[in-house]
file target_8.csv (CSV, C-alpha atoms)
chain,number,residue,atom,x,y,z
J,1,MET,CA,-4.2,-12.5,9.6
J,2,THR,CA,-4.5,-9.3,11.6
J,3,PRO,CA,-5.3,-6.4,9.3
J,4,LEU,CA,-2.3,-4.2,10.3
J,5,ALA,CA,1.2,-5.6,10.3
J,6,THR,CA,3.5,-5.1,13.3
J,7,THR,CA,6.9,-4.2,12.0
J,8,PRO,CA,10.2,-3.4,13.6
J,9,ARG,CA,11.9,0.0,13.9
J,10,PRO,CA,12.9,1.3,10.5
J,11,PRO,CA,14.7,0.9,8.2
J,12,TYR,CA,13.0,-2.2,6.7
J,13,PHE,CA,11.6,-2.8,3.3
J,14,ALA,CA,8.1,-2.9,1.7
J,15,VAL,CA,6.7,-4.3,-1.6
J,16,VAL,CA,3.7,-2.4,-2.6
J,17,PHE,CA,1.7,-4.5,-5.1
J,18,THR,CA,-1.3,-2.6,-6.7
J,19,SER,CA,-3.5,-4.6,-9.1
J,20,VAL,CA,-6.7,-4.7,-11.1
J,21,ARG,CA,-8.4,-8.1,-11.3
J,22,THR,CA,-9.8,-9.4,-14.6
J,23,GLU,CA,-13.4,-10.7,-14.8
J,24,ASP,CA,-12.1,-14.2,-14.3
J,25,ASP,CA,-14.3,-16.1,-11.8
J,26,GLY,CA,-11.3,-16.3,-9.4
J,27,GLU,CA,-11.7,-19.6,-7.7
J,28,ASP,CA,-8.2,-20.7,-8.5
J,29,TYR,CA,-7.1,-17.1,-7.8
J,30,GLU,CA,-8.3,-17.2,-4.2
J,31,VAL,CA,-6.6,-20.6,-3.6
J,32,THR,CA,-3.3,-19.4,-5.1
J,33,ALA,CA,-3.4,-16.0,-3.4
J,34,GLY,CA,-3.9,-17.7,0.0
J,35,ARG,CA,-1.1,-20.1,-0.7
J,36,MET,CA,1.2,-17.2,-1.7
J,37,LEU,CA,0.5,-15.4,1.6
J,38,GLU,CA,1.2,-18.6,3.5
J,39,LEU,CA,4.4,-19.3,1.5
J,40,ALA,CA,5.6,-15.7,1.8
J,41,SER,CA,5.2,-15.8,5.6
J,42,ALA,CA,7.5,-18.8,5.8
J,43,GLN,CA,10.4,-17.1,3.9
J,44,PRO,CA,13.5,-15.8,5.6
J,45,GLY,CA,13.3,-12.1,6.2
J,46,TYR,CA,9.5,-11.9,6.0
J,47,LEU,CA,8.0,-9.3,8.5
J,48,GLY,CA,4.3,-9.1,7.7
J,49,VAL,CA,1.6,-8.3,5.2
J,50,GLU,CA,-1.4,-6.0,4.8
J,51,SER,CA,-3.8,-6.7,2.0
J,52,VAL,CA,-7.1,-5.2,0.8
J,53,ARG,CA,-9.3,-5.7,-2.3
J,54,GLY,CA,-12.2,-3.5,-3.0
J,55,ALA,CA,-15.6,-4.4,-4.6
J,56,ASP,CA,-14.3,-2.8,-7.9
J,57,GLY,CA,-11.5,-5.4,-8.3
J,58,VAL,CA,-8.7,-3.0,-7.3
J,59,GLY,CA,-6.4,-4.4,-4.7
J,60,ILE,CA,-3.3,-3.3,-2.7
J,61,THR,CA,-1.1,-5.8,-0.9
J,62,VAL,CA,1.9,-4.5,1.0
J,63,SER,CA,4.4,-7.1,2.3
J,64,TYR,CA,7.3,-6.2,4.6
J,65,TRP,CA,10.8,-7.6,4.6
J,66,ASP,CA,14.1,-7.2,6.5
J,67,SER,CA,16.2,-6.7,3.4
J,68,LEU,CA,16.2,-6.2,-0.4
J,69,ASP,CA,17.9,-9.6,-0.6
J,70,ALA,CA,14.9,-11.3,1.1
J,71,ILE,CA,12.6,-9.6,-1.4
J,72,ARG,CA,14.8,-10.7,-4.3
J,73,ARG,CA,14.7,-14.3,-3.1
J,74,TRP,CA,11.0,-14.3,-2.6
J,75,ARG,CA,10.4,-12.8,-6.1
J,76,GLN,CA,12.5,-15.7,-7.5
J,77,HIS,CA,10.9,-18.5,-5.5
J,78,LEU,CA,9.9,-21.2,-8.0
J,79,GLU,CA,6.3,-21.6,-6.8
J,80,HIS,CA,5.9,-17.8,-6.6
J,81,LEU,CA,7.2,-17.5,-10.2
J,82,GLY,CA,4.5,-19.9,-11.3
J,83,ALA,CA,1.9,-17.8,-9.6
J,84,GLN,CA,3.2,-14.6,-11.1
J,85,GLU,CA,3.0,-16.2,-14.6
J,86,GLN,CA,-0.7,-17.2,-14.0
J,87,GLY,CA,-1.3,-13.7,-12.6
J,88,ARG,CA,-0.2,-12.1,-15.9
J,89,ALA,CA,-2.0,-14.7,-18.0
J,90,LYS,CA,-5.4,-14.8,-16.2
J,91,TRP,CA,-5.9,-12.8,-13.1
J,92,TYR,CA,-4.7,-9.3,-13.5
J,93,SER,CA,-5.5,-6.8,-16.2
J,94,ALA,CA,-2.8,-4.5,-14.9
J,95,TYR,CA,-0.5,-4.1,-11.9
J,96,ARG,CA,2.3,-2.0,-10.4
J,97,LEU,CA,5.0,-3.4,-8.1
J,98,ARG,CA,7.1,-1.0,-6.1
J,99,VAL,CA,10.0,-2.0,-3.9
J,100,CYS,CA,10.6,0.5,-1.1
J,101,ARG,CA,12.8,1.3,1.9
J,102,VAL,CA,10.7,2.3,4.9
J,103,GLU,CA,12.4,5.5,6.3
J,104,TYR,CA,10.1,6.2,9.2
J,105,ASP,CA,6.7,5.2,10.5
J,106,SER,CA,4.0,5.9,13.1
J,107,THR,CA,1.1,4.0,14.6
J,108,PHE,CA,-2.2,4.9,16.2
J,109,SER,CA,-4.6,2.7,18.1
J,110,HIS,CA,-7.6,3.6,20.3
J,111,ALA,CA,-6.2,1.2,22.8
J,112,ASP,CA,-3.1,3.3,23.2
A,113,MET,CA,-9.2,8.8,-10.3
A,114,THR,CA,-7.6,5.9,-12.2
A,115,PRO,CA,-6.9,2.9,-9.9
A,116,LEU,CA,-3.2,2.7,-10.6
A,117,ALA,CA,-0.9,5.7,-10.3
A,118,THR,CA,1.5,6.5,-13.0
A,119,THR,CA,4.8,7.5,-11.4
A,120,PRO,CA,8.2,8.6,-12.7
A,121,ARG,CA,11.4,6.6,-12.7
A,122,PRO,CA,12.6,5.9,-9.2
A,123,PRO,CA,13.7,7.1,-6.8
A,124,TYR,CA,10.5,8.8,-5.5
A,125,PHE,CA,8.6,8.5,-2.2
A,126,ALA,CA,5.5,6.8,-1.0
A,127,VAL,CA,3.3,7.2,2.1
A,128,VAL,CA,1.6,3.9,2.9
A,129,PHE,CA,-1.4,4.5,5.2
A,130,THR,CA,-3.1,1.4,6.4
A,131,SER,CA,-6.2,1.9,8.6
A,132,VAL,CA,-9.2,0.2,10.2
A,133,ARG,CA,-12.4,2.2,10.3
A,134,THR,CA,-14.6,2.5,13.3
A,135,GLU,CA,-18.3,1.7,13.2
A,136,ASP,CA,-19.1,5.4,12.7
A,137,ASP,CA,-21.7,5.9,9.9
A,138,GLY,CA,-19.0,7.7,7.9
A,139,GLU,CA,-21.0,10.4,6.0
A,140,ASP,CA,-18.6,13.2,7.1
A,141,TYR,CA,-15.7,10.7,6.7
A,142,GLU,CA,-16.5,10.2,3.0
A,143,VAL,CA,-16.7,14.0,2.4
A,144,THR,CA,-13.4,14.6,4.3
A,145,ALA,CA,-11.6,11.7,2.6
A,146,GLY,CA,-12.6,13.0,-0.8
A,147,ARG,CA,-11.5,16.5,0.1
A,148,MET,CA,-8.1,15.3,1.3
A,149,LEU,CA,-7.5,13.4,-2.0
A,150,GLU,CA,-8.4,16.6,-3.9
A,151,LEU,CA,-6.2,18.8,-1.6
A,152,ALA,CA,-3.3,16.4,-1.7
A,153,SER,CA,-3.3,16.3,-5.5
A,154,ALA,CA,-2.9,20.1,-5.5
A,155,GLN,CA,0.2,20.1,-3.3
A,156,PRO,CA,3.7,20.7,-4.7
A,157,GLY,CA,5.5,17.4,-5.3
A,158,TYR,CA,2.4,15.2,-5.4
A,159,LEU,CA,2.7,12.4,-8.0
A,160,GLY,CA,-0.4,10.3,-7.5
A,161,VAL,CA,-2.4,8.0,-5.2
A,162,GLU,CA,-3.8,4.5,-5.0
A,163,SER,CA,-6.6,3.7,-2.5
A,164,VAL,CA,-8.7,0.7,-1.6
A,165,ARG,CA,-11.1,0.0,1.2
A,166,GLY,CA,-12.5,-3.5,1.8
A,167,ALA,CA,-15.9,-4.5,3.0
A,168,ASP,CA,-14.3,-5.3,6.4
A,169,GLY,CA,-13.4,-1.7,7.0
A,170,VAL,CA,-9.6,-2.2,6.4
A,171,GLY,CA,-8.1,0.3,3.9
A,172,ILE,CA,-4.8,1.0,2.3
A,173,THR,CA,-4.0,4.3,0.7
A,174,VAL,CA,-0.6,4.9,-0.9
A,175,SER,CA,0.3,8.4,-2.0
A,176,TYR,CA,3.4,9.2,-4.1
A,177,TRP,CA,5.6,12.3,-3.8
A,178,ASP,CA,8.8,13.6,-5.3
A,179,SER,CA,10.6,14.3,-2.0
A,180,LEU,CA,10.5,13.8,1.7
A,181,ASP,CA,10.0,17.5,2.1
A,182,ALA,CA,6.8,17.4,0.0
A,183,ILE,CA,5.5,14.7,2.3
A,184,ARG,CA,6.5,16.7,5.4
A,185,ARG,CA,4.7,19.8,4.1
A,186,TRP,CA,1.5,17.8,3.3
A,187,ARG,CA,1.5,16.2,6.7
A,188,GLN,CA,1.7,19.7,8.3
A,189,HIS,CA,-1.0,21.3,6.0
A,190,LEU,CA,-3.5,23.0,8.3
A,191,GLU,CA,-6.6,21.5,6.8
A,192,HIS,CA,-5.0,18.1,6.7
A,193,LEU,CA,-4.0,18.4,10.4
A,194,GLY,CA,-7.7,19.0,11.2
A,195,ALA,CA,-8.7,15.9,9.2
A,196,GLN,CA,-6.0,13.8,11.0
A,197,GLU,CA,-7.3,15.0,14.4
A,198,GLN,CA,-10.9,13.9,13.4
A,199,GLY,CA,-9.5,10.6,12.1
A,200,ARG,CA,-8.0,9.8,15.5
A,201,ALA,CA,-11.1,11.0,17.4
A,202,LYS,CA,-13.8,9.4,15.2
A,203,TRP,CA,-13.0,7.5,12.1
A,204,TYR,CA,-10.1,5.1,12.8
A,205,SER,CA,-9.8,2.5,15.4
A,206,ALA,CA,-6.1,2.0,14.4
A,207,TYR,CA,-3.7,2.9,11.7
A,208,ARG,CA,-0.1,2.6,10.5
A,209,LEU,CA,1.7,5.2,8.5
A,210,ARG,CA,4.9,4.4,6.7
A,211,VAL,CA,7.0,6.8,4.8
A,212,CYS,CA,9.1,5.1,2.1
A,213,ARG,CA,11.6,5.6,-0.6
A,214,VAL,CA,10.7,3.7,-3.8
A,215,GLU,CA,13.9,2.0,-4.9
A,216,TYR,CA,12.6,0.2,-8.1
A,217,ASP,CA,9.3,-0.6,-9.7
A,218,SER,CA,7.7,-2.6,-12.5
A,219,THR,CA,4.4,-2.5,-14.3
A,220,PHE,CA,2.2,-4.9,-16.2
A,221,SER,CA,-0.8,-4.3,-18.4
A,222,HIS,CA,-2.6,-6.5,-20.8
A,223,ALA,CA,-2.5,-3.6,-23.3
A,224,ASP,CA,1.4,-3.8,-23.2
call {"tool": "encode", "arguments": {"input": "target_8.csv", "output": "structure tokens"}}
result
Amino acid sequence: MTPLATTPRPPYFAVVFTSVRTEDDGEDYEVTAGRMLELASAQPGYLGVESVRGADGVGITVSYWDSLDAIRRWRQHLEHLGAQEQGRAKWYSAYRLRVCRVEYDSTFSHAD
Amino acid sequence: MTPLATTPRPPYFAVVFTSVRTEDDGEDYEVTAGRMLELASAQPGYLGVESVRGADGVGITVSYWDSLDAIRRWRQHLEHLGAQEQGRAKWYSAYRLRVCRVEYDSTFSHAD
């Protein structure tokens, strides 16, 4: 996974998922989180993802999609629903999920 | 700063800033980044911020605003323009900036 997602010209859609991890050891968390990234990337309408977790247990994952319908389908995917359930039960002490329409964007790279 | 921002009922607006740091030692970066968070929080229309940087130098900062105009004013703030210039010159090897309208959101907390 490259750290910055390459996305098309706006408009497109973003899911901003901000979370605080519990003290749980996280072995099954890592496996499930990796599986969810893999599964998301295989869904229709998926455009890319950017994800960071800090040493303090706070994480932000932004996934990009071509429509609100694609986001709705992904949120209702059966295996994803199971992971969401485990997230609330074990892995997250709190989270926010925000579904957004990207209005405009800009990029910078030293290679430009 | 609390890790998760408390935001009003949608719609509101988000700036998703995803970046990769250079190898620069980052002392002046830390000072300027802290100053920008402080300055942003004093701008009209500011709602909150969430920010994480990982050990690999990849960071995501999401700031929340009540209007696109508030975002435009903040992006053109003189001291912020100076910081942006230094960011491109010294601190970031690449970044993406995406301005979004938050359509809907949800929250979870074990305290709920």
call {"tool": "closest_residue", "arguments": {"input": "target_8.csv", "among": "A:His222, A:Arg184, A:Arg147, A:His192", "to": "Ala94 (chain J)", "atoms": "only C-alpha atoms"}}
result
A:His222
call {"tool": "closest_atom_pairs", "arguments": {"input": "target_8.csv", "of": "chain A", "to": "chain J", "cutoff": "10 Å", "atoms": "all atoms listed in the file", "output": "tab-separated table"}}
result
residue	atom	partner	partner_atom	distance
A:Pro115	CA	J:Val58	CA	6.7
A:Leu116	CA	J:Thr18	CA	6.8
A:Ala117	CA	J:Arg96	CA	8.3
A:Thr118	CA	J:Arg96	CA	8.9
A:Thr119	CA	J:Arg96	CA	9.9
A:Pro122	CA	J:Arg98	CA	9.4
A:Pro123	CA	J:Cys100	CA	9.3
A:Tyr124	CA	J:Cys100	CA	9.4
A:Phe125	CA	J:Cys100	CA	8.3
A:Ala126	CA	J:Cys100	CA	8.1
A:Val127	CA	J:Asp105	CA	9.3
A:Val128	CA	J:Val62	CA	8.6
A:Phe129	CA	J:Ser106	CA	9.7
A:Thr130	CA	J:Leu4	CA	6.9
A:Ser131	CA	J:Leu4	CA	7.4
A:Val132	CA	J:Pro3	CA	7.7
A:Thr134	CA	J:His110	CA	10.0
A:Glu162	CA	J:Thr18	CA	7.7
A:Ser163	CA	J:Ile60	CA	7.7
A:Val164	CA	J:Gly54	CA	5.6
A:Arg165	CA	J:Gly54	CA	5.6
A:Gly166	CA	J:Gly54	CA	4.8
A:Ala167	CA	J:Gly54	CA	7.1
A:Asp168	CA	J:Val52	CA	9.1
A:Gly169	CA	J:Val52	CA	9.5
A:Val170	CA	J:Pro3	CA	6.7
A:Gly171	CA	J:Val52	CA	6.4
A:Ile172	CA	J:Ile60	CA	6.8
A:Thr173	CA	J:Ile60	CA	8.4
A:Val174	CA	J:Val16	CA	8.6
A:Leu180	CA	J:Glu103	CA	9.7
A:Arg200	CA	J:Phe108	CA	7.6
A:Ala201	CA	J:His110	CA	8.7
A:Lys202	CA	J:His110	CA	9.9
A:Tyr204	CA	J:Ser109	CA	8.0
A:Ser205	CA	J:His110	CA	5.5
A:Ala206	CA	J:Ser109	CA	4.1
A:Tyr207	CA	J:Phe108	CA	5.1
A:Arg208	CA	J:Thr107	CA	4.5
A:Leu209	CA	J:Ser106	CA	5.2
A:Arg210	CA	J:Asp105	CA	4.3
A:Val211	CA	J:Tyr104	CA	5.4
A:Cys212	CA	J:Val102	CA	4.3
A:Arg213	CA	J:Arg101	CA	5.1
A:Val214	CA	J:Cys100	CA	4.2
A:Glu215	CA	J:Cys100	CA	5.3
A:Tyr216	CA	J:Val99	CA	5.4
A:Asp217	CA	J:Arg98	CA	4.2
A:Ser218	CA	J:Leu97	CA	5.2
A:Thr219	CA	J:Arg96	CA	4.5
A:Phe220	CA	J:Tyr95	CA	5.1
A:Ser221	CA	J:Ala94	CA	4.0
A:His222	CA	J:Ser93	CA	5.4
A:Ala223	CA	J:Ser93	CA	8.3
A:Asp224	CA	J:Ala94	CA	9.3
call {"tool": "residues_around", "arguments": {"input": "target_8.csv", "residues": "Asp69 (chain J)", "least_positions_apart": "4", "cutoff": "9 Å", "atoms": "only C-alpha atoms", "output": "number ranges by chain"}}
result
J: 45, 73-74
call {"tool": "atom_distance", "arguments": {"input": "target_8.csv", "atom1": "CA of Glu135 (chain A)", "atom2": "CA of Arg187 (chain A)"}}
result
25.4 Å
call {"tool": "atom_distance", "arguments": {"input": "target_8.csv", "atom1": "CA of Glu142 (chain A)", "atom2": "CA of Gly194 (chain A)"}}
result
14.9 Å
call {"tool": "atom_distance", "arguments": {"input": "target_8.csv", "atom1": "CA of Ala83 (chain J)", "atom2": "CA of Asp28 (chain J)"}}
result
10.6 Å
